[in-house]
>>> print(open('query.cif').read())   # mmCIF, C-alpha atoms
data_data
loop_
_atom_site.group_PDB
_atom_site.id
_atom_site.type_symbol
_atom_site.label_atom_id
_atom_site.label_comp_id
_atom_site.auth_asym_id
_atom_site.auth_seq_id
_atom_site.Cartn_x
_atom_site.Cartn_y
_atom_site.Cartn_z
ATOM 1 C CA MET W 1 -12.745 1.104 0.852
ATOM 2 C CA SER W 2 -13.993 4.213 -0.919
ATOM 3 C CA ASP W 3 -16.139 4.505 -3.979
ATOM 4 C CA PRO W 4 -14.092 4.008 -7.183
ATOM 5 C CA GLN W 5 -14.885 7.473 -8.560
ATOM 6 C CA ALA W 6 -13.583 9.096 -5.374
ATOM 7 C CA LEU W 7 -10.440 6.954 -5.555
ATOM 8 C CA LYS W 8 -9.894 8.004 -9.166
ATOM 9 C CA ARG W 9 -9.737 11.654 -8.024
ATOM 10 C CA ARG W 10 -6.992 11.045 -5.457
ATOM 11 C CA GLU W 11 -3.947 13.331 -5.630
ATOM 12 C CA ARG W 12 -0.336 12.878 -4.638
ATOM 13 C CA LYS W 13 -0.654 15.345 -1.766
ATOM 14 C CA GLN W 14 -3.055 12.942 -0.030
ATOM 15 C CA TYR W 15 -0.266 10.395 0.505
ATOM 16 C CA PRO W 16 2.431 11.126 3.102
ATOM 17 C CA PHE W 17 4.863 8.358 2.079
ATOM 18 C CA PHE W 18 6.181 7.438 -1.371
ATOM 19 C CA LEU W 19 8.286 4.640 -2.792
ATOM 20 C CA SER W 20 9.585 4.523 -6.351
ATOM 21 C CA TYR W 21 9.322 1.332 -8.417
ATOM 22 C CA ARG W 22 10.992 0.705 -11.772
ATOM 23 C CA THR W 23 8.830 -1.710 -13.736
ATOM 24 C CA ARG W 24 10.400 -4.817 -15.221
ATOM 25 C CA TRP W 25 9.719 -6.549 -18.536
ATOM 26 C CA ILE W 26 8.336 -9.529 -16.593
ATOM 27 C CA ASP W 27 5.679 -7.270 -14.975
ATOM 28 C CA ASN W 28 3.869 -7.033 -18.324
ATOM 29 C CA ASP W 29 1.285 -9.608 -19.317
ATOM 30 C CA GLN W 30 0.323 -10.800 -22.805
ATOM 31 C CA TYR W 31 -1.685 -7.591 -23.307
ATOM 32 C CA SER W 32 1.457 -5.475 -22.833
ATOM 33 C CA HIS W 33 0.402 -3.875 -19.572
ATOM 34 C CA ILE W 34 1.289 -4.590 -15.962
ATOM 35 C CA ASN W 35 -0.503 -7.730 -14.837
ATOM 36 C CA ASN W 36 -3.089 -7.187 -12.103
ATOM 37 C CA SER W 37 -1.259 -9.536 -9.726
ATOM 38 C CA VAL W 38 1.800 -7.247 -9.792
ATOM 39 C CA TYR W 39 -0.202 -4.465 -8.136
ATOM 40 C CA TYR W 40 -0.556 -6.572 -4.999
ATOM 41 C CA HIS W 41 3.225 -7.068 -5.017
ATOM 42 C CA LEU W 42 3.569 -3.265 -5.178
ATOM 43 C CA PHE W 43 1.153 -2.791 -2.266
ATOM 44 C CA ASP W 44 3.032 -5.331 -0.172
ATOM 45 C CA SER W 45 6.369 -3.698 -1.013
ATOM 46 C CA ILE W 46 5.423 -0.175 0.049
ATOM 47 C CA VAL W 47 3.565 -1.273 3.192
ATOM 48 C CA ASN W 48 6.390 -3.503 4.413
ATOM 49 C CA THR W 49 9.066 -0.944 3.522
ATOM 50 C CA TYR W 50 7.203 1.587 5.647
ATOM 51 C CA LEU W 51 6.656 -0.839 8.541
ATOM 52 C CA ILE W 52 10.348 -1.766 8.622
ATOM 53 C CA LYS W 53 11.781 1.749 8.202
ATOM 54 C CA HIS W 54 9.240 3.871 10.094
ATOM 55 C CA ALA W 55 7.128 1.672 12.372
ATOM 56 C CA HIS W 56 9.728 -0.520 14.107
ATOM 57 C CA LEU W 57 8.333 -3.781 12.754
ATOM 58 C CA SER W 58 10.547 -6.528 11.388
ATOM 59 C CA PRO W 59 8.567 -9.226 9.556
ATOM 60 C CA SER W 60 11.289 -11.783 10.248
ATOM 61 C CA SER W 61 11.818 -11.153 13.967
ATOM 62 C CA SER W 62 9.081 -9.030 15.579
ATOM 63 C CA PRO W 63 6.922 -10.853 18.133
ATOM 64 C CA TYR W 64 3.842 -9.510 16.322
ATOM 65 C CA ILE W 65 3.086 -9.693 12.611
ATOM 66 C CA GLY W 66 0.387 -8.309 10.346
ATOM 67 C CA LEU W 67 -1.768 -10.770 8.394
ATOM 68 C CA VAL W 68 -3.788 -9.572 5.403
ATOM 69 C CA VAL W 69 -7.503 -10.209 5.924
ATOM 70 C CA SER W 70 -8.910 -8.250 2.967
ATOM 71 C CA SER W 71 -7.632 -6.499 -0.140
ATOM 72 C CA TYR W 72 -8.873 -4.587 -3.172
ATOM 73 C CA CYS W 73 -7.692 -2.718 -6.249
ATOM 74 C CA HIS W 74 -9.405 -0.377 -8.706
ATOM 75 C CA PHE W 75 -7.711 0.140 -12.067
ATOM 76 C CA PHE W 76 -8.133 3.424 -13.951
ATOM 77 C CA SER W 77 -5.474 3.446 -16.692
ATOM 78 C CA PRO W 78 -2.959 0.878 -17.937
ATOM 79 C CA LEU W 79 0.730 1.004 -17.136
ATOM 80 C CA SER W 80 3.508 -0.961 -18.774
ATOM 81 C CA PHE W 81 7.250 -1.532 -18.876
ATOM 82 C CA PRO W 82 9.455 0.551 -18.881
ATOM 83 C CA ALA W 83 7.415 2.964 -16.737
ATOM 84 C CA VAL W 84 8.726 4.203 -13.419
ATOM 85 C CA LEU W 85 6.004 4.259 -10.778
ATOM 86 C CA ASP W 86 5.524 6.312 -7.643
ATOM 87 C CA LEU W 87 3.618 4.410 -4.978
ATOM 88 C CA GLY W 88 1.816 6.571 -2.412
ATOM 89 C CA LEU W 89 0.794 5.183 0.984
ATOM 90 C CA ARG W 90 -1.657 6.327 3.624
ATOM 91 C CA VAL W 91 -3.607 4.741 6.473
ATOM 92 C CA THR W 92 -7.390 4.957 6.248
ATOM 93 C CA SER W 93 -8.234 3.273 9.553
ATOM 94 C CA LEU W 94 -6.190 2.479 12.651
ATOM 95 C CA GLY W 95 -7.793 0.236 15.254
ATOM 96 C CA LYS W 96 -6.605 -1.567 18.362
ATOM 97 C CA SER W 97 -5.219 -4.569 16.473
ATOM 98 C CA SER W 98 -5.829 -3.721 12.813
ATOM 99 C CA VAL W 99 -4.875 -1.142 10.225
ATOM 100 C CA SER W 100 -6.206 -0.436 6.739
ATOM 101 C CA TYR W 101 -3.863 0.950 4.108
ATOM 102 C CA GLU W 102 -4.529 2.704 0.825
ATOM 103 C CA VAL W 103 -1.945 2.707 -1.961
ATOM 104 C CA ALA W 104 -2.095 4.886 -5.051
ATOM 105 C CA VAL W 105 -0.033 3.930 -8.093
ATOM 106 C CA PHE W 106 1.101 6.969 -10.071
ATOM 107 C CA GLU W 107 3.149 6.922 -13.230
ATOM 108 C CA GLU W 108 6.234 9.066 -12.636
ATOM 109 C CA GLY W 109 5.438 12.693 -13.421
ATOM 110 C CA ARG W 110 1.640 12.238 -13.371
ATOM 111 C CA ASP W 111 -0.681 13.532 -10.672
ATOM 112 C CA ILE W 112 -3.642 11.228 -11.341
ATOM 113 C CA PRO W 113 -3.392 7.624 -10.112
ATOM 114 C CA SER W 114 -3.525 4.733 -12.553
ATOM 115 C CA ALA W 115 -4.734 2.431 -9.777
ATOM 116 C CA VAL W 116 -5.751 2.692 -6.130
ATOM 117 C CA GLY W 117 -6.047 -0.232 -3.791
ATOM 118 C CA GLY W 118 -5.017 -1.502 -0.431
ATOM 119 C CA TYR W 119 -5.531 -4.015 2.279
ATOM 120 C CA THR W 120 -6.180 -4.547 5.963
ATOM 121 C CA HIS W 121 -3.661 -6.060 8.345
ATOM 122 C CA VAL W 122 -4.742 -7.688 11.591
ATOM 123 C CA PHE W 123 -1.826 -7.932 13.983
ATOM 124 C CA VAL W 124 -1.289 -11.265 15.684
ATOM 125 C CA ASP W 125 1.203 -12.953 17.953
ATOM 126 C CA ARG W 126 3.833 -14.565 15.714
ATOM 127 C CA ILE W 127 3.627 -17.930 17.520
ATOM 128 C CA THR W 128 -0.026 -18.320 18.561
ATOM 129 C CA ARG W 129 -1.544 -16.345 15.652
ATOM 130 C CA LYS W 130 -4.010 -14.845 18.158
ATOM 131 C CA SER W 131 -5.041 -11.231 17.673
ATOM 132 C CA ALA W 132 -2.763 -8.796 19.486
ATOM 133 C CA PRO W 133 -2.803 -5.030 20.031
ATOM 134 C CA ILE W 134 -0.573 -2.935 17.797
ATOM 135 C CA THR W 135 2.535 -1.946 19.783
ATOM 136 C CA ALA W 136 2.999 1.714 20.730
ATOM 137 C CA GLU W 137 6.023 2.127 18.425
ATOM 138 C CA THR W 138 4.208 0.620 15.450
ATOM 139 C CA ARG W 139 1.041 2.622 16.210
ATOM 140 C CA ASP W 140 3.049 5.870 16.318
ATOM 141 C CA GLY W 141 4.557 5.097 12.922
ATOM 142 C CA LEU W 142 1.208 4.172 11.391
ATOM 143 C CA ALA W 143 -0.517 7.244 12.858
ATOM 144 C CA ARG W 144 1.828 9.444 10.789
ATOM 145 C CA LEU W 145 0.079 8.070 7.686
ATOM 146 C CA LEU W 146 -3.439 9.029 8.769
ATOM 147 C CA PRO W 147 -5.074 11.942 6.922
ATOM 148 C CA ALA W 148 -4.973 15.164 9.018
ATOM 149 C CA ALA W 149 -8.753 15.088 9.625
ATOM 150 C CA ALA W 150 -8.536 11.586 11.140
ATOM 151 C CA LYS W 151 -5.911 12.709 13.690
ATOM 152 C CA LEU W 152 -8.246 15.198 15.395
#
>>> encode(input="query.cif", output="structure tokens")
Amino acid sequence: MSDPQALKRRERKQYPFFLSYRTRWIDNDQYSHINNSVYYHLFDSIVNTYLIKHAHLSPSSSPYIGLVVSSYCHFFSPLSFPAVLDLGLRVTSLGKSSVSYEVAVFEEGRDIPSAVGGYTHVFVDRITRKSAPITAETRDGLARLLPAAAKL
């Protein structure tokens, strides 16, 4: 996890995969902005969309699954319904059996993120829940989300 000021300066071009999200009235809390718990729903949505569509991982049937072992979120500016959000995804670390993701939440049409957060998945055998290496297909998909400098 990076320092919050560095995260605040993130730009769209630093994220290779995007998913659009149309906020709902229910996403707002009593203070008329998106409740902090919704951000974790957004993170989960973009990560799992990417894993299913680009990394050959099916949460309901793959022999290996990713379990979240840590998470974080830094908030920089409020968002609220009816905003449309652009979620940007990148991988910050790719190990033998774990991967750390970073998600930036941009309001549609803005280049500065309103929030940046993420989490770490440890991959385990679906049945035994013992740590397992990331499969080659999944690793190839995740590697496409690493910043260029990390691929050297």
>>> resolve_selection(input="query.cif", expression="the PyMOL selection byres ((chain W and resi 72-80) around 6)", output="list in words")
His33, Ile34, Ser71, Phe81, Ala83, Ser114, Ala115, Val116, Gly117 and Gly118 of chain W
>>> closest_residue(input="query.cif", among="W:Ser2, W:Leu19, W:Val105, W:Val69", to="Val47 of chain W", atoms="all atoms listed in the file")
W:Leu19
>>> closest_residue(input="query.cif", among="W:Arg126, W:Arg90, W:His121, W:Lys96", to="Gln14 of chain W", atoms="all atoms listed in the file")
W:Arg90
>>> resolve_selection(input="query.cif", expression="the PyMOL selection byres ((chain W and resi 133-144) around 12)", output="PyMOL selection string")
chain W and resi 15-17+47-48+50-58+62-66+89-101+121-125+130-132+145-152
>>> closest_residue(input="query.cif", among="W:Leu87, W:Phe106, W:Ser37, W:Pro82", to="Trp25 of chain W", atoms="all atoms listed in the file")
W:Pro82
>>> closest_residue(input="query.cif", among="W:His41, W:Thr49, W:Ile112, W:Tyr119", to="Phe18 of chain W", atoms="only C-alpha atoms")
W:Thr49
>>> axis_aligned_box(input="query.cif", around="segment 69-80 of chain W", padding_each_side="3 Å", output="JSON")
{"center_x": -2.9, "center_y": -3.4, "center_z": -6.4, "size_x": 18.9, "size_y": 19.7, "size_z": 30.7}
>>> atom_distance(input="query.cif", atom1="atom CA of Arg10 of chain W", atom2="atom CA of Gln30 of chain W")
28.8 Å
>>> atom_distance(input="query.cif", atom1="atom CA of Gly109 of chain W", atom2="atom CA of Lys8 of chain W")
16.6 Å
>>> atom_distance(input="query.cif", atom1="atom CA of Leu85 of chain W", atom2="atom CA of Arg9 of chain W")
17.6 Å
>>> closest_residue(input="query.cif", among="W:Ser61, W:Asp27, W:Asp86, W:Asp3", to="Pro113 of chain W", atoms="all atoms listed in the file")
W:Asp86
